[in-house]
>>> print(open('coords.csv').read())   # CSV, C-alpha atoms
chain,number,residue,atom,x,y,z
A,1477,MET,CA,17.0,-11.1,-21.9
A,1478,MET,CA,17.5,-7.6,-23.2
A,1479,PRO,CA,13.8,-6.6,-23.3
A,1480,PHE,CA,13.4,-7.8,-19.7
A,1481,ALA,CA,16.4,-5.6,-18.6
A,1482,ILE,CA,14.9,-2.6,-20.4
A,1483,VAL,CA,11.5,-3.1,-18.8
A,1484,MET,CA,13.3,-3.4,-15.4
A,1485,TRP,CA,15.3,-0.2,-16.1
A,1486,LEU,CA,12.1,1.6,-17.1
A,1487,ALA,CA,10.3,0.4,-13.9
A,1488,ILE,CA,13.2,1.6,-11.7
A,1489,THR,CA,13.4,4.9,-13.5
A,1490,SER,CA,9.7,5.4,-13.1
A,1491,ALA,CA,10.0,4.7,-9.3
A,1492,VAL,CA,12.7,7.3,-9.1
A,1493,ILE,CA,10.5,9.9,-10.8
A,1494,GLY,CA,7.6,8.8,-8.6
A,1495,LEU,CA,9.7,9.3,-5.5
A,1496,ALA,CA,10.8,12.7,-6.7
A,1497,VAL,CA,7.1,13.7,-7.1
A,1498,TYR,CA,6.2,12.2,-3.7
A,1499,ARG,CA,9.1,14.1,-2.0
A,1500,LYS,CA,7.9,17.3,-3.5
A,1501,LEU,CA,4.4,16.7,-2.1
A,1502,VAL,CA,5.8,15.9,1.4
A,1503,ALA,CA,8.2,18.8,1.4
A,1504,ARG,CA,5.2,21.1,0.7
A,1505,ASN,CA,4.2,20.6,4.4
A,1506,GLU,CA,7.7,21.3,5.6
A,1507,ASP,CA,8.2,24.3,7.9
A,1508,ASP,CA,11.3,26.4,7.1
A,1509,TYR,CA,11.4,27.9,10.6
A,1510,LEU,CA,12.9,26.3,13.7
A,1511,HIS,CA,10.4,26.2,16.5
A,1512,VAL,CA,11.9,25.5,19.9
A,1513,GLY,CA,9.5,26.9,22.5
A,1514,ASP,CA,7.2,24.8,24.7
A,1515,ARG,CA,4.1,26.4,23.3
A,1516,ASP,CA,5.1,25.2,19.8
A,1517,ARG,CA,5.5,21.6,20.8
A,1518,ALA,CA,2.9,20.4,18.2
A,1519,ARG,CA,4.8,22.3,15.5
A,1520,VAL,CA,8.1,20.8,16.6
A,1521,LEU,CA,6.6,17.2,16.5
A,1522,LYS,CA,5.1,17.8,13.1
A,1523,GLN,CA,8.4,19.3,11.8
A,1524,ALA,CA,10.3,16.2,13.1
A,1525,ALA,CA,7.8,13.8,11.5
A,1526,VAL,CA,8.1,15.5,8.1
A,1527,SER,CA,11.9,15.6,8.4
A,1528,MET,CA,12.0,11.8,9.1
A,1529,ARG,CA,9.7,11.1,6.2
A,1530,LEU,CA,11.9,13.2,3.9
A,1531,ASP,CA,15.0,11.4,5.1
A,1532,ALA,CA,13.5,8.0,4.3
A,1533,VAL,CA,12.3,9.2,0.8
A,1534,ASP,CA,15.8,10.7,0.2
A,1535,LYS,CA,17.5,7.4,1.1
A,1536,TRP,CA,15.4,5.4,-1.2
A,1537,GLY,CA,15.6,8.0,-3.9
A,1538,LYS,CA,19.4,8.0,-3.8
A,1539,THR,CA,19.7,4.3,-3.8
A,1540,LEU,CA,17.2,3.8,-6.7
A,1541,THR,CA,18.9,6.6,-8.7
A,1542,VAL,CA,22.3,4.8,-8.4
A,1543,VAL,CA,20.7,1.5,-9.4
A,1544,ALA,CA,19.0,3.1,-12.4
A,1545,VAL,CA,22.1,4.9,-13.6
A,1546,ALA,CA,24.2,1.7,-13.2
A,1547,LEU,CA,21.6,-0.4,-15.0
A,1548,GLY,CA,21.3,2.2,-17.8
A,1549,ALA,CA,25.1,2.3,-18.3
A,1550,ILE,CA,25.2,-1.5,-18.4
A,1551,LEU,CA,22.4,-1.6,-20.9
A,1552,ALA,CA,24.1,1.0,-23.1
A,1553,ALA,CA,27.4,-0.9,-23.0
A,1554,VAL,CA,25.8,-4.2,-23.9
A,1555,SER,CA,23.8,-2.5,-26.7
A,1556,ILE,CA,26.9,-0.9,-28.1
A,1557,TYR,CA,28.9,-4.1,-27.8
A,1558,GLN,CA,26.2,-6.1,-29.7
A,1559,ALA,CA,26.1,-3.5,-32.4
A,1560,TRP,CA,29.8,-3.6,-32.7
A,1561,MET,CA,29.9,-7.4,-32.9
A,1562,GLU,CA,27.1,-7.3,-35.5
A,1563,SER,CA,29.1,-4.9,-37.6
A,1564,LEU,CA,32.2,-7.2,-37.6
A,1565,LYS,CA,30.3,-10.1,-39.1
A,1566,ILE,CA,31.1,-10.9,-42.7
A,1567,ASN,CA,28.1,-11.3,-44.9
A,1568,PRO,CA,28.6,-13.7,-47.8
>>> encode(input="coords.csv", output="structure tokens")
Amino acid sequence: MMPFAIVMWLAITSAVIGLAVYRKLVARNEDDYLHVGDRDRARVLKQAAVSMRLDAVDKWGKTLTVVAVALGAILAAVSIYQAWMESLKINP
């Protein structure tokens, strides 16, 4: 069961790293200026689309980060507990 949990943790952690890279690529197209004029309507729509995409990526990134940290903490606790129980065994 432990190898499966470790593979699962590695997959989730890889997804978090992948989302961070993807967010960096999407944010590259982000415009730091606020365009509010009628002649800049296309820029405003593009800026809104990029913002919505970044919000979605951030939501998934935060969720998966919490899951990865929690699973990593559980795996560490189980591993420490198993090592502790192994050390308590009396060898004849």
>>> atom_distance(input="coords.csv", atom1="CA of Ile1482 in chain A", atom2="CA of Lys1565 in chain A")
25.4 Å
>>> closest_atom_pairs(input="coords.csv", of="range 1478-1504 of chain A", to="range 1529-1552 of chain A", cutoff="7 Å", atoms="only C-alpha atoms", output="JSON lines")
{"residue": "A:Trp1485", "atom": "CA", "partner": "A:Ala1544", "partner_atom": "CA", "distance": 6.2}
{"residue": "A:Ile1488", "atom": "CA", "partner": "A:Ala1544", "partner_atom": "CA", "distance": 6.0}
{"residue": "A:Thr1489", "atom": "CA", "partner": "A:Ala1544", "partner_atom": "CA", "distance": 6.0}
{"residue": "A:Val1492", "atom": "CA", "partner": "A:Gly1537", "partner_atom": "CA", "distance": 6.0}
{"residue": "A:Leu1495", "atom": "CA", "partner": "A:Gly1537", "partner_atom": "CA", "distance": 6.2}
{"residue": "A:Arg1499", "atom": "CA", "partner": "A:Val1533", "partner_atom": "CA", "distance": 6.5}
>>> write_last_selection(input="coords.csv", atoms="C-alpha atoms", output="CSV table (one decimal), keeping the file's coordinate frame")
chain,number,residue,atom,x,y,z
A,1485,TRP,CA,15.3,-0.2,-16.1
A,1488,ILE,CA,13.2,1.6,-11.7
A,1489,THR,CA,13.4,4.9,-13.5
A,1492,VAL,CA,12.7,7.3,-9.1
A,1495,LEU,CA,9.7,9.3,-5.5
A,1499,ARG,CA,9.1,14.1,-2.0
>>> residues_around(input="coords.csv", residues="Met1477 in chain A", least_positions_apart="2", cutoff="12 Å", atoms="all atoms listed in the file", output="number ranges by chain")
A: 1479-1484, 1551, 1554-1555
>>> atom_distance(input="coords.csv", atom1="CA of Met1478 in chain A", atom2="CA of Gln1558 in chain A")
11.0 Å
>>> closest_residue(input="coords.csv", among="A:Ala1503, A:Leu1510, A:Leu1564, A:Ala1487", to="Ser1527 in chain A", atoms="only C-alpha atoms")
A:Ala1503
>>> atom_distance(input="coords.csv", atom1="CA of Ala1491 in chain A", atom2="CA of Ala1559 in chain A")
29.3 Å
>>> residues_around(input="coords.csv", residues="Lys1522 in chain A", least_positions_apart="4", cutoff="9 Å", atoms="all atoms listed in the file", output="count of residues only")
6
